[in-house]
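Source file input_18.cif; content: mmCIF, C-alpha atoms.
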data_run
#
loop_
_atom_site.label_atom_id
_atom_site.label_comp_id
_atom_site.auth_asym_id
_atom_site.auth_seq_id
_atom_site.Cartn_x
_atom_site.Cartn_y
_atom_site.Cartn_z
CA MET A 1 -5.76 20.37 19.99
CA ILE A 2 -4.09 17.02 19.84
CA VAL A 3 -5.88 15.78 16.70
CA GLY A 4 -4.87 18.88 14.77
CA GLU A 5 -1.30 18.58 15.92
CA LEU A 6 -1.26 14.92 14.99
CA PHE A 7 -2.61 15.75 11.55
CA LEU A 8 0.06 18.39 10.94
CA GLU A 9 2.93 16.21 12.17
CA PHE A 10 1.89 13.28 9.98
CA THR A 11 1.27 15.50 6.95
CA LEU A 12 4.85 16.69 7.20
CA LEU A 13 6.03 13.09 7.50
CA ALA A 14 4.09 12.06 4.39
CA PHE A 15 6.29 14.26 2.21
CA VAL A 16 9.48 12.54 3.31
CA ALA A 17 8.11 8.98 3.42
CA PHE A 18 10.51 7.69 0.79
CA GLY A 19 10.29 3.91 0.98
CA GLY A 20 6.73 3.99 2.32
CA ALA A 21 5.33 3.86 5.82
CA THR A 22 7.86 1.24 6.95
CA ALA A 23 10.70 3.66 6.34
CA LEU A 24 8.92 6.18 8.55
CA LEU A 25 9.06 4.05 11.72
CA PRO A 26 12.10 5.82 13.22
CA GLU A 27 10.69 9.28 12.54
CA MET A 28 7.21 8.38 13.81
CA HIS A 29 8.85 7.11 16.98
CA ARG A 30 10.84 10.33 17.31
CA VAL A 31 7.76 12.51 16.88
CA VAL A 32 5.20 10.44 18.80
CA VAL A 33 7.30 8.97 21.63
CA GLU A 34 10.33 11.22 22.06
CA ASN A 35 9.03 14.70 21.18
CA HIS A 36 5.37 14.66 22.19
CA HIS A 37 5.30 11.76 24.67
CA TRP A 38 1.94 10.76 23.22
CA LEU A 39 2.86 7.06 23.53
CA ASP A 40 5.51 5.08 25.39
CA ASP A 41 8.06 2.67 23.91
CA THR A 42 6.09 -0.42 24.83
CA THR A 43 2.83 0.75 23.28
CA PHE A 44 4.69 1.84 20.14
CA THR A 45 6.22 -1.62 19.62
CA HIS A 46 2.89 -3.26 20.39
CA LEU A 47 1.16 -1.17 17.73
CA TYR A 48 3.88 -2.06 15.26
CA ALA A 49 3.36 -5.74 16.09
CA ILE A 50 -0.41 -5.48 15.62
CA ALA A 51 0.03 -3.74 12.26
CA GLN A 52 2.44 -6.49 11.16
CA ALA A 53 -0.08 -9.18 12.01
CA ALA A 54 -3.08 -7.37 10.50
CA PRO A 55 -4.05 -7.76 6.84
CA GLY A 56 -3.77 -4.78 4.48
CA PRO A 57 -1.17 -2.17 3.58
CA ASN A 58 1.51 -1.50 6.21
CA VAL A 59 0.55 2.19 6.29
CA LEU A 60 -2.14 1.14 8.78
CA VAL A 61 0.37 1.27 11.63
CA VAL A 62 -0.32 5.00 11.36
CA THR A 63 -4.03 4.36 11.94
CA LEU A 64 -3.24 2.44 15.13
CA ILE A 65 -0.95 5.17 16.40
CA GLY A 66 -3.65 7.77 15.73
CA TRP A 67 -6.23 5.62 17.51
CA GLU A 68 -4.15 5.18 20.65
CA ILE A 69 -3.42 8.90 20.80
CA ALA A 70 -6.86 10.36 20.07
CA GLY A 71 -9.45 7.66 19.37
CA LEU A 72 -11.40 7.47 16.12
CA ALA A 73 -10.72 11.11 15.22
CA GLY A 74 -7.01 10.43 15.73
CA ALA A 75 -7.12 7.29 13.60
CA LEU A 76 -8.83 9.12 10.74
CA ALA A 77 -6.61 12.19 11.04
CA ALA A 78 -3.37 10.20 11.06
CA THR A 79 -4.42 7.97 8.14
CA LEU A 80 -5.63 10.88 6.01
CA ALA A 81 -2.56 12.98 6.82
CA MET A 82 -0.32 10.11 5.71
CA CYS A 83 -2.20 9.28 2.49
CA LEU A 84 -3.76 12.50 1.23
CA PRO A 85 -0.89 14.92 0.47
CA MET A 86 1.08 12.59 -1.79
CA SER A 87 -2.09 11.17 -3.35
CA VAL A 88 -3.13 14.65 -4.48
CA LEU A 89 0.37 15.50 -5.67
CA ILE A 90 0.76 12.25 -7.52
CA TYR A 91 -2.64 12.65 -9.12
CA LEU A 92 -1.57 16.02 -10.46
CA LEU A 93 1.98 15.08 -11.42
CA ILE A 94 1.90 11.45 -12.56
CA ASP A 95 1.50 12.21 -16.27
CA ARG A 96 4.42 14.60 -16.22
CA TRP A 97 6.54 12.28 -14.08
CA GLU A 98 5.80 9.43 -16.44
CA ARG A 99 6.85 11.52 -19.42
CA PHE A 100 10.20 12.05 -17.68
CA SER A 101 10.55 8.29 -17.29
CA GLY A 102 14.05 7.32 -18.43
CA LYS A 103 15.40 10.89 -18.32
CA ARG A 104 18.77 11.19 -16.61
CA TRP A 105 17.63 13.27 -13.62
CA GLN A 106 14.62 11.07 -13.04
CA ARG A 107 16.80 7.96 -13.00
CA ALA A 108 19.24 9.76 -10.72
CA VAL A 109 16.45 10.43 -8.21
CA SER A 110 15.26 6.81 -8.38
CA LEU A 111 18.80 5.46 -7.89
CA GLY A 112 19.60 8.03 -5.23
CA VAL A 113 16.56 7.31 -3.08
CA ALA A 114 17.11 3.55 -2.85
CA PRO A 115 20.14 3.50 -0.50
CA LEU A 116 18.43 6.04 1.77
CA ALA A 117 15.26 3.94 1.95
CA VAL A 118 17.35 0.89 2.87
CA GLY A 119 18.97 2.88 5.67
CA LEU A 120 15.57 3.97 6.97
CA ILE A 121 14.17 0.45 7.04
CA PHE A 122 17.30 -0.85 8.75
CA SER A 123 16.98 1.97 11.30
CA GLY A 124 13.33 1.05 11.85
CA ALA A 125 14.34 -2.51 12.67
CA THR A 126 17.01 -1.43 15.17
CA LEU A 127 14.54 0.99 16.72
CA ILE A 128 11.93 -1.71 17.30
CA ALA A 129 14.59 -3.96 18.84
CA GLN A 130 15.69 -1.14 21.12
CA ALA A 131 12.23 0.06 22.13
CA ALA A 132 11.09 -3.51 22.85
CA GLN A 133 14.31 -4.20 24.79
CA PHE A 134 14.94 -7.54 23.12
CA GLY A 135 16.74 -10.16 25.17
CA TRP A 136 18.91 -12.91 23.70
CA ALA A 137 15.92 -15.11 22.86
CA ALA A 138 14.21 -12.34 20.90
CA TRP A 139 17.46 -11.60 19.04
CA ALA A 140 17.76 -15.30 18.20
CA LEU A 141 14.25 -15.19 16.74
CA VAL A 142 15.20 -12.06 14.77
CA ALA A 143 18.27 -13.82 13.37
CA VAL A 144 16.38 -16.98 12.43
CA THR A 145 13.65 -14.89 10.79
CA VAL A 146 16.18 -12.96 8.71
CA VAL A 147 17.94 -16.08 7.45
CA ALA A 148 14.75 -18.06 6.86
CA ASN A 149 13.05 -15.15 5.11
CA LEU A 150 16.02 -14.67 2.77
CA ARG A 151 16.47 -18.37 2.03
CA MET A 152 12.89 -19.66 1.80
CA LYS A 153 9.87 -18.49 -0.09
CA LEU A 154 7.49 -18.39 2.86
CA HIS A 155 4.67 -15.89 3.29
CA PRO A 156 5.64 -13.28 5.92
CA LEU A 157 2.57 -14.24 7.96
CA TRP A 158 4.22 -17.59 8.79
CA PHE A 159 6.99 -15.74 10.59
CA ILE A 160 4.46 -13.59 12.41
CA ALA A 161 2.56 -16.73 13.44
CA VAL A 162 5.73 -18.43 14.70
CA GLY A 163 6.66 -15.27 16.60
CA ALA A 164 3.21 -15.10 18.17
CA ALA A 165 3.35 -18.80 19.16
CA LEU A 166 6.82 -18.53 20.68
CA GLY A 167 5.71 -15.40 22.51
CA LEU A 168 2.61 -17.15 23.88
CA LEU A 169 4.80 -19.98 25.13
CA GLY A 170 6.85 -17.40 26.99
CA LEU A 171 10.00 -18.20 25.01
CA VAL A 172 10.80 -14.76 23.58
CA MET B 1 -3.06 -2.20 -18.62
CA THR B 2 -0.08 -4.32 -19.66
CA GLY B 3 2.30 -5.86 -17.15
CA GLU B 4 5.06 -3.61 -18.36
CA GLU B 5 2.95 -0.46 -17.91
CA PHE B 6 2.05 -1.60 -14.41
CA ASN B 7 5.69 -2.21 -13.53
CA THR B 8 6.69 1.24 -14.73
CA LEU B 9 3.98 2.84 -12.59
CA LEU B 10 4.90 0.68 -9.61
CA GLY B 11 8.54 1.69 -10.04
CA LEU B 12 7.57 5.36 -10.08
CA CYS B 13 5.38 5.02 -7.00
CA GLN B 14 8.07 3.16 -5.08
CA PHE B 15 10.46 6.05 -5.43
CA LEU B 16 8.00 8.77 -4.56
CA PRO B 17 7.25 9.48 -0.91
CA GLY B 18 4.07 8.22 0.71
CA PRO B 19 2.53 4.78 1.10
CA ASN B 20 3.38 2.95 -2.13
CA VAL B 21 0.18 0.97 -2.49
CA ILE B 22 -1.97 4.03 -1.94
CA ASN B 23 0.01 6.02 -4.51
CA LEU B 24 -0.30 3.15 -6.96
CA ALA B 25 -4.06 2.90 -6.36
CA VAL B 26 -4.44 6.62 -7.10
CA VAL B 27 -2.47 6.32 -10.34
CA VAL B 28 -4.25 3.18 -11.56
CA GLY B 29 -7.63 4.59 -10.52
CA LYS B 30 -6.94 7.80 -12.44
CA ARG B 31 -5.89 5.88 -15.53
CA TYR B 32 -9.22 4.05 -15.68
CA GLN B 33 -11.84 6.39 -14.24
CA GLY B 34 -10.28 9.83 -13.84
CA VAL B 35 -10.98 11.68 -10.60
CA ALA B 36 -13.63 9.22 -9.43
CA GLY B 37 -11.26 6.28 -9.87
CA ALA B 38 -8.42 8.09 -8.14
CA VAL B 39 -10.67 8.68 -5.12
CA VAL B 40 -12.46 5.34 -5.00
CA ALA B 41 -9.46 3.05 -5.58
CA PRO B 42 -7.44 4.01 -2.48
CA PHE B 43 -10.62 4.14 -0.37
CA GLY B 44 -11.62 0.66 -1.52
CA LEU B 45 -8.14 -0.58 -0.72
CA LEU B 46 -8.08 0.92 2.77
CA ALA B 47 -11.67 0.65 4.03
CA GLY B 48 -11.68 -3.06 4.95
CA PRO B 49 -8.22 -3.22 6.55
CA PHE B 50 -8.93 0.09 8.33
CA VAL B 51 -11.95 -1.43 10.09
CA ILE B 52 -10.06 -4.64 10.94
CA VAL B 53 -7.18 -2.69 12.40
CA LEU B 54 -9.56 -0.64 14.55
CA LEU B 55 -11.19 -3.84 15.83
CA LEU B 56 -7.74 -5.11 16.77
CA ALA B 57 -7.09 -1.77 18.49
CA LEU B 58 -10.26 -2.24 20.55
CA LEU B 59 -9.07 -5.71 21.56
CA TYR B 60 -5.69 -4.28 22.43
CA ASP B 61 -7.21 -1.55 24.58
CA ARG B 62 -9.23 -4.14 26.46
CA TYR B 63 -6.77 -7.04 26.75
CA GLY B 64 -3.40 -5.45 25.95
CA ASN B 65 -2.39 -5.35 29.59
CA LEU B 66 -2.67 -9.10 30.06
CA PRO B 67 0.77 -10.72 30.33
CA ILE B 68 -0.20 -13.29 27.71
CA ALA B 69 -1.10 -10.58 25.16
CA GLN B 70 2.13 -8.72 25.90
CA ALA B 71 4.14 -11.93 25.46
CA MET B 72 2.48 -12.63 22.11
CA LEU B 73 3.03 -9.09 20.83
CA ARG B 74 6.66 -9.32 21.90
CA GLY B 75 7.09 -12.45 19.79
CA ILE B 76 5.41 -10.78 16.82
CA ALA B 77 7.58 -7.68 17.21
CA ALA B 78 10.71 -9.86 17.13
CA ALA B 79 9.56 -11.67 13.98
CA GLY B 80 8.52 -8.35 12.42
CA CYS B 81 11.91 -6.90 13.26
CA GLY B 82 13.57 -9.83 11.50
CA LEU B 83 11.38 -9.25 8.44
CA LEU B 84 12.50 -5.61 8.37
CA PHE B 85 16.18 -6.55 8.49
CA ALA B 86 15.59 -9.08 5.72
CA MET B 87 13.76 -6.48 3.63
CA ALA B 88 16.61 -4.00 4.08
CA TRP B 89 19.13 -6.67 3.08
CA ARG B 90 17.19 -7.62 -0.04
CA MET B 91 16.82 -4.00 -1.12
CA GLU B 92 20.51 -3.33 -0.56
CA MET B 93 21.44 -6.37 -2.65
CA ALA B 94 19.31 -5.03 -5.49
CA ILE B 95 21.34 -1.82 -5.62
CA ARG B 96 23.99 -1.79 -8.31
CA ASP B 97 27.19 0.19 -7.94
CA LYS B 98 27.32 -0.66 -4.23
CA PRO B 99 30.70 0.95 -3.44
CA PHE B 100 29.20 4.31 -4.36
CA PHE B 101 25.80 3.95 -2.72
CA LEU B 102 26.41 1.82 0.37
CA PRO B 103 27.96 4.84 2.19
CA PHE B 104 24.61 6.63 1.92
CA THR B 105 22.86 3.71 3.61
CA VAL B 106 25.44 3.82 6.38
CA LEU B 107 25.06 7.60 6.73
CA THR B 108 21.27 7.29 6.91
CA VAL B 109 21.50 4.68 9.66
CA ALA B 110 24.06 6.76 11.57
CA THR B 111 22.04 9.98 11.44
CA ILE B 112 18.58 8.45 11.94
CA ALA B 113 19.10 5.46 14.25
CA TRP B 114 22.10 6.70 16.20
CA LEU B 115 22.14 10.51 16.20
CA ARG B 116 18.32 10.74 15.99
CA TRP B 117 18.35 13.65 13.57
CA PRO B 118 14.99 14.73 12.11
CA LEU B 119 14.09 12.81 8.96
CA PRO B 120 13.16 15.75 6.70
CA ALA B 121 16.64 17.29 7.01
CA VAL B 122 18.35 13.93 6.50
CA MET B 123 16.24 13.10 3.44
CA ILE B 124 16.77 16.45 1.73
CA ALA B 125 20.55 16.43 2.29
CA GLY B 126 20.79 12.69 1.56
CA LEU B 127 18.78 12.91 -1.64
CA ALA B 128 20.86 15.82 -2.90
CA LEU B 129 24.13 13.96 -2.26
CA SER B 130 23.03 10.47 -3.24
CA GLY B 131 21.09 11.76 -6.25
CA GLY B 132 24.15 13.78 -7.23
CA VAL B 133 26.34 10.70 -7.17
CA ALA B 134 23.71 8.81 -9.18
CA TRP B 135 23.61 11.63 -11.73
CA TRP B 136 27.39 11.49 -12.09
CA ARG B 137 27.47 7.68 -12.35
CA LEU B 138 24.75 7.74 -15.01
CA GLY B 139 26.76 10.22 -17.05
CA ARG B 140 29.75 7.91 -17.20
CA LYS B 141 28.00 5.05 -18.97
#

Conversion result in structure tokens:
Amino acid sequence: MIVGELFLEFTLLAFVAFGGATALLPEMHRVVVENHHWLDDTTFTHLYAIAQAAPGPNVLVVTLIGWEIAGLAGALAATLAMCLPMSVLIYLLIDRWERFSGKRWQRAVSLGVAPLAVGLIFSGATLIAQAAQFGWAAWALVAVTVVANLRMKLHPLWFIAVGAALGLLGLV
Amino acid sequence: MTGEEFNTLLGLCQFLPGPNVINLAVVVGKRYQGVAGAVVAPFGLLAGPFVIVLLLALLYDRYGNLPIAQAMLRGIAAAGCGLLFAMAWRMEMAIRDKPFFLPFTVLTVATIAWLRWPLPAVMIAGLALSGGVAWWRLGRK
């Protein structure tokens, strides 16, 4: 059953989602597009784009993926699978984890995870570019967005809006 | 809850797996209302956006094939991609001791984006190595 399979796959992913749902993009693509062929490249990038434009936590890209694969049941299964396991674990462990705050091994984990999370997010960006088969105009928009986002204090939605407008005009 | 307390919790949640905001909602909810809070807080956070996202999905199913919708989504994907690169850059800049930790970023990109290895294996091996280096660096100061 596809919903059950979806639930299991995303539960497994939840345990390695260091850096949040954004860091999971490459692995979700591997599982959903490459392994199971539940979605194609184009739909995957479209869902990512919709999630970027939508309000709310970025974990909701998972909801969209679940929806496209198996409707409402899929959306619920994917969202729950992504949120529930760590929520339960954190509920049980937070007091202990907090007591370890500042301990050497705890700081080592925190420091050690950061460079991996950066690598995952970078990989997610390259994956979107690849799956969407960006041409030179799209890459130019990517470059301008990176520089502008790093230099100016603009809300991310402005970049999304500019991207949408340029897309509508057929420029990207 | 003081700002400092909140920052500590946020810091903890950011370095645990799972969606950060959801984890944080569980922790803050638990602090204030126990089990009930830990259940209600993430639900409250997700319910509205969940419905909105599903409405967008319905629109996409109906109009997603139109060239104009595809063109718009393409533009958004490009901007979103830029935001991801910028986020990665900002996070990398925040890492101290770069000569020791940058190689792990490079290794992650190589194994995930290029070789397409499964994430669980990469994370377990990466965390052991990178965490080991962090442990050693911490011991020197």

Give the residues of chain B that lie within 7 Å of chain A; count all atoms listed in the file, and format the answer as a compact mmCIF listing (two decimals) with C-alpha atoms, in the coordinates of the input.
# COMPACT_ATOMS: atom_id res chain seq x y z
CA GLN B 14 8.07 3.16 -5.08
CA PHE B 15 10.46 6.05 -5.43
CA LEU B 16 8.00 8.77 -4.56
CA PRO B 17 7.25 9.48 -0.91
CA GLY B 18 4.07 8.22 0.71
CA PRO B 19 2.53 4.78 1.10
CA ASN B 20 3.38 2.95 -2.13
CA VAL B 21 0.18 0.97 -2.49
CA ILE B 22 -1.97 4.03 -1.94
CA ASN B 23 0.01 6.02 -4.51
CA VAL B 26 -4.44 6.62 -7.10
CA VAL B 27 -2.47 6.32 -10.34
CA PRO B 49 -8.22 -3.22 6.55
CA PHE B 50 -8.93 0.09 8.33
CA VAL B 53 -7.18 -2.69 12.40
CA ALA B 57 -7.09 -1.77 18.49
CA ILE B 68 -0.20 -13.29 27.71
CA ALA B 71 4.14 -11.93 25.46
CA MET B 72 2.48 -12.63 22.11
CA LEU B 73 3.03 -9.09 20.83
CA ARG B 74 6.66 -9.32 21.90
CA GLY B 75 7.09 -12.45 19.79
CA ILE B 76 5.41 -10.78 16.82
CA ALA B 77 7.58 -7.68 17.21
CA ALA B 78 10.71 -9.86 17.13
CA ALA B 79 9.56 -11.67 13.98
CA GLY B 80 8.52 -8.35 12.42
CA CYS B 81 11.91 -6.90 13.26
CA GLY B 82 13.57 -9.83 11.50
CA LEU B 83 11.38 -9.25 8.44
CA LEU B 84 12.50 -5.61 8.37
CA PHE B 85 16.18 -6.55 8.49
CA ALA B 86 15.59 -9.08 5.72
CA ALA B 88 16.61 -4.00 4.08
CA MET B 91 16.82 -4.00 -1.12
CA GLU B 92 20.51 -3.33 -0.56
CA PHE B 101 25.80 3.95 -2.72
CA LEU B 102 26.41 1.82 0.37
CA PHE B 104 24.61 6.63 1.92
CA THR B 105 22.86 3.71 3.61
CA VAL B 106 25.44 3.82 6.38
CA THR B 108 21.27 7.29 6.91
CA VAL B 109 21.50 4.68 9.66
CA ILE B 112 18.58 8.45 11.94
CA ALA B 113 19.10 5.46 14.25
CA PRO B 118 14.99 14.73 12.11
CA LEU B 119 14.09 12.81 8.96
CA PRO B 120 13.16 15.75 6.70
CA MET B 123 16.24 13.10 3.44
CA LEU B 127 18.78 12.91 -1.64
CA SER B 130 23.03 10.47 -3.24
CA GLY B 131 21.09 11.76 -6.25
CA ALA B 134 23.71 8.81 -9.18
CA TRP B 135 23.61 11.63 -11.73

Handout entry: Separation of atom CA of B:Phe6 from atom CA of B:Met87, in Å and rounded to one decimal
Key = 22.1 Å

Handout entry: Residue members of the PyMOL selection byres ((chain A and resi 5) around 12) in the file shown, as JSON, numbers by chain
Key = {"A": [1, 2, 3, 4, 6, 7, 8, 9, 10, 11, 12, 31, 32, 36, 38, 66, 69, 70, 74, 77, 78, 81]}

Exercise for the section: Calculate how many Å separate atom CA of B:Tyr60 from atom CA of A:Leu25, rounding to one decimal. Expected result: 20.0 Å

Exercise for the section: Please measure the separation of atom CA of A:Phe44 and atom CA of B:Ala25, giving the value in Å to one decimal. Expected result: 27.9 Å

First collect every listed atom of stretch 86-100 of chain A; then fit an axis-aligned box around them, widen it by 6 Å on each side, and give centre and edge lengths in Å to one decimal, as AutoDock Vina command-line options.
--center_x 3.5 --center_y 12.7 --center_z -10.6 --size_x 25.3 --size_y 18.6 --size_z 29.6
